[in-house]
Amino acid sequence: TTFHRPNVNLIHDPLGVEKITEKGVVSNGSEYSVDLIIFATGFETGAAIMDCGYPIYGVGGLELKEKWKDGPRTLRSMNTSGFPNLFLQNSPQGTFTVNFVQKLVEESKHAAFMISEMNRKGLARFDVTAEAEDEHCEKVFQKSGRGARFLKKCTPGYYNREGQLSTEKTLSAVYMAPLQFFSLLEQIREDGTCFEGFVVQ
């Protein structure tokens, strides 16, 4: 594989590249000559994903970005009150995984189940109740800040907002650990309660 080739060095430096020189990059106090440098652009997580370049409108013309101006509001990360039949992926208030694809697969399975159940029952519209959303948001808010002091001290990256992570309570937070969250979704599919907290028509 690539890392085992004689012309490849895998350099690990928690602080990243110190500087770029005429010849290459300096990391861990050593200069490494390179022919080409590729800069990663990074990506946004959490509520920042709502600045996606196009508006999402709900009932009465409310824009999702406006609804979330004081923090995201969801039920289990995937649905938000006032935006019927909308499924969100990779939004706050659910979970966060090192294997991004796993999260997308699990959320997709849940969305597909809900849609198939709606079709099977001849239903066409679902929307989160304000009460269910408020209850979920309160749980997220109370759990927020766990591990924030540790993450704030880590190497700047997407997981700590480039070192600018707040340690205050917030709505833009994780609800529970990945396997716990995926088990919860599976459980409410199996026990028939996945539509609790929704108005379904």
# chains A, B, ... in the order shown; residues from 1 in each chain; ligands from 1

call {"tool": "select_by_dssp", "arguments": {"residues": "region 25-186 of chain A", "states": "strand (DSSP E)", "output": "list of chain:residue names"}}
result
A:Val25, A:Val26, A:Ser27, A:Ser30, A:Glu31, A:Tyr32, A:Ser33, A:Phe126, A:Asp127, A:Val128

call {"tool": "write_last_selection", "arguments": {"atoms": "all heavy atoms", "output": "PDB file, in the first residue's frame"}}
result
ATOM      1  N   VAL A  25       7.674  21.436   3.398  1.00  0.00           N
ATOM      2  CA  VAL A  25       7.010  21.781   4.654  1.00  0.00           C
ATOM      3  C   VAL A  25       7.887  21.403   5.830  1.00  0.00           C
ATOM      4  O   VAL A  25       8.699  20.476   5.756  1.00  0.00           O
ATOM      5  CB  VAL A  25       5.635  21.081   4.787  1.00  0.00           C
ATOM      6  CG1 VAL A  25       4.673  21.526   3.718  1.00  0.00           C
ATOM      7  CG2 VAL A  25       5.783  19.577   4.795  1.00  0.00           C
ATOM      8  N   VAL A  26       7.704  22.144   6.930  1.00  0.00           N
ATOM      9  CA  VAL A  26       8.402  21.839   8.174  1.00  0.00           C
ATOM     10  C   VAL A  26       7.366  21.332   9.176  1.00  0.00           C
ATOM     11  O   VAL A  26       6.343  21.970   9.406  1.00  0.00           O
ATOM     12  CB  VAL A  26       9.123  23.086   8.738  1.00  0.00           C
ATOM     13  CG1 VAL A  26       9.753  22.772  10.093  1.00  0.00           C
ATOM     14  CG2 VAL A  26      10.175  23.584   7.752  1.00  0.00           C
ATOM     15  N   SER A  27       7.662  20.150   9.742  1.00  0.00           N
ATOM     16  CA  SER A  27       6.779  19.547  10.736  1.00  0.00           C
ATOM     17  C   SER A  27       7.650  18.844  11.755  1.00  0.00           C
ATOM     18  O   SER A  27       8.654  18.214  11.389  1.00  0.00           O
ATOM     19  CB  SER A  27       5.836  18.551  10.059  1.00  0.00           C
ATOM     20  OG  SER A  27       4.992  17.955  11.011  1.00  0.00           O
ATOM     21  N   SER A  30      11.426  19.245  11.458  1.00  0.00           N
ATOM     22  CA  SER A  30      12.162  18.732  10.295  1.00  0.00           C
ATOM     23  C   SER A  30      11.525  19.229   9.008  1.00  0.00           C
ATOM     24  O   SER A  30      10.299  19.340   8.912  1.00  0.00           O
ATOM     25  CB  SER A  30      12.162  17.201  10.288  1.00  0.00           C
ATOM     26  OG  SER A  30      12.804  16.698  11.444  1.00  0.00           O
ATOM     27  N   GLU A  31      12.389  19.496   8.026  1.00  0.00           N
ATOM     28  CA  GLU A  31      11.882  19.934   6.724  1.00  0.00           C
ATOM     29  C   GLU A  31      11.734  18.725   5.802  1.00  0.00           C
ATOM     30  O   GLU A  31      12.624  17.877   5.724  1.00  0.00           O
ATOM     31  CB  GLU A  31      12.832  20.947   6.090  1.00  0.00           C
ATOM     32  CG  GLU A  31      12.312  21.493   4.769  1.00  0.00           C
ATOM     33  CD  GLU A  31      13.228  22.558   4.168  1.00  0.00           C
ATOM     34  OE1 GLU A  31      14.455  22.473   4.369  1.00  0.00           O
ATOM     35  OE2 GLU A  31      12.695  23.449   3.501  1.00  0.00           O
ATOM     36  N   TYR A  32      10.601  18.650   5.120  1.00  0.00           N
ATOM     37  CA  TYR A  32      10.328  17.568   4.188  1.00  0.00           C
ATOM     38  C   TYR A  32      10.145  18.173   2.805  1.00  0.00           C
ATOM     39  O   TYR A  32       9.265  19.010   2.593  1.00  0.00           O
ATOM     40  CB  TYR A  32       9.066  16.795   4.600  1.00  0.00           C
ATOM     41  CG  TYR A  32       9.224  16.139   5.947  1.00  0.00           C
ATOM     42  CD1 TYR A  32       8.875  16.811   7.117  1.00  0.00           C
ATOM     43  CD2 TYR A  32       9.744  14.850   6.043  1.00  0.00           C
ATOM     44  CE1 TYR A  32       9.040  16.214   8.352  1.00  0.00           C
ATOM     45  CE2 TYR A  32       9.909  14.251   7.288  1.00  0.00           C
ATOM     46  CZ  TYR A  32       9.558  14.938   8.436  1.00  0.00           C
ATOM     47  OH  TYR A  32       9.724  14.350   9.657  1.00  0.00           O
ATOM     48  N   SER A  33      11.000  17.755   1.858  1.00  0.00           N
ATOM     49  CA  SER A  33      10.901  18.250   0.487  1.00  0.00           C
ATOM     50  C   SER A  33       9.712  17.602  -0.207  1.00  0.00           C
ATOM     51  O   SER A  33       9.483  16.391  -0.065  1.00  0.00           O
ATOM     52  CB  SER A  33      12.179  17.928  -0.294  1.00  0.00           C
ATOM     53  OG  SER A  33      13.277  18.623   0.265  1.00  0.00           O
ATOM     54  N   PHE A 126     -46.045  14.243   7.652  1.00  0.00           N
ATOM     55  CA  PHE A 126     -45.713  14.162   9.077  1.00  0.00           C
ATOM     56  C   PHE A 126     -44.944  15.416   9.458  1.00  0.00           C
ATOM     57  O   PHE A 126     -44.248  16.020   8.648  1.00  0.00           O
ATOM     58  CB  PHE A 126     -44.909  12.901   9.403  1.00  0.00           C
ATOM     59  CG  PHE A 126     -43.513  12.920   8.848  1.00  0.00           C
ATOM     60  CD1 PHE A 126     -42.457  13.409   9.607  1.00  0.00           C
ATOM     61  CD2 PHE A 126     -43.254  12.457   7.572  1.00  0.00           C
ATOM     62  CE1 PHE A 126     -41.176  13.449   9.101  1.00  0.00           C
ATOM     63  CE2 PHE A 126     -41.969  12.490   7.064  1.00  0.00           C
ATOM     64  CZ  PHE A 126     -40.929  12.985   7.818  1.00  0.00           C
ATOM     65  N   ASP A 127     -45.124  15.826  10.703  1.00  0.00           N
ATOM     66  CA  ASP A 127     -44.412  16.995  11.208  1.00  0.00           C
ATOM     67  C   ASP A 127     -44.202  16.814  12.713  1.00  0.00           C
ATOM     68  O   ASP A 127     -45.069  16.297  13.412  1.00  0.00           O
ATOM     69  CB  ASP A 127     -45.220  18.269  10.937  1.00  0.00           C
ATOM     70  CG  ASP A 127     -44.396  19.543  11.102  1.00  0.00           C
ATOM     71  OD1 ASP A 127     -43.172  19.443  11.364  1.00  0.00           O
ATOM     72  OD2 ASP A 127     -44.975  20.637  10.983  1.00  0.00           O
ATOM     73  N   VAL A 128     -43.061  17.249  13.188  1.00  0.00           N
ATOM     74  CA  VAL A 128     -42.731  17.154  14.607  1.00  0.00           C
ATOM     75  C   VAL A 128     -43.610  18.120  15.398  1.00  0.00           C
ATOM     76  O   VAL A 128     -43.830  19.253  14.968  1.00  0.00           O
ATOM     77  CB  VAL A 128     -41.248  17.534  14.835  1.00  0.00           C
ATOM     78  CG1 VAL A 128     -40.888  17.503  16.315  1.00  0.00           C
ATOM     79  CG2 VAL A 128     -40.333  16.617  14.047  1.00  0.00           C
TER      80      VAL A 128
END

call {"tool": "residues_around", "arguments": {"residues": "Cys194 (chain A)", "least_positions_apart": "3", "cutoff": "8 Å", "atoms": "only C-alpha atoms", "output": "list in words"}}
result
Met114, Leu185, Ile188, Arg189 and Asp191 of chain A

call {"tool": "atom_distance", "arguments": {"atom1": "CA of Glu138 (chain A)", "atom2": "CA of Val174 (chain A)"}}
result
12.2 Å

call {"tool": "residues_around", "arguments": {"residues": "Gln180 (chain A)", "least_positions_apart": "6", "cutoff": "12 Å", "atoms": "only C-alpha atoms", "output": "ChimeraX atom specification"}}
result
/A:94-97,103,106,174,186-187

call {"tool": "closest_residue", "arguments": {"among": "A:Trp68, A:Phe195, A:Phe182, A:Phe83", "to": "Cys137 (chain A)", "atoms": "only C-alpha atoms"}}
result
A:Trp68

call {"tool": "residues_around", "arguments": {"residues": "Val140 (chain A)", "least_positions_apart": "6", "cutoff": "7 Å", "atoms": "only C-alpha atoms", "output": "PyMOL selection string"}}
result
chain A and resi 93+171+173-175

call {"tool": "select_by_dssp", "arguments": {"residues": "region 123-180 of chain A", "states": "alpha helix (DSSP H)", "output": "MDAnalysis selection string"}}
result
chainID A and resid 130:143 148:152 178:180

call {"tool": "atom_distance", "arguments": {"atom1": "CA of Gly58 (chain A)", "atom2": "CA of Leu104 (chain A)"}}
result
23.1 Å

call {"tool": "atom_distance", "arguments": {"atom1": "CA of Arg73 (chain A)", "atom2": "CA of Pro55 (chain A)"}}
result
16.6 Å

call {"tool": "residues_around", "arguments": {"residues": "Met118 (chain A)", "least_positions_apart": "6", "cutoff": "10 Å", "atoms": "only C-alpha atoms", "output": "list in words"}}
result
Ala112, Ala124, Arg125, Phe126, Phe195, Val200 and Gln201 of chain A
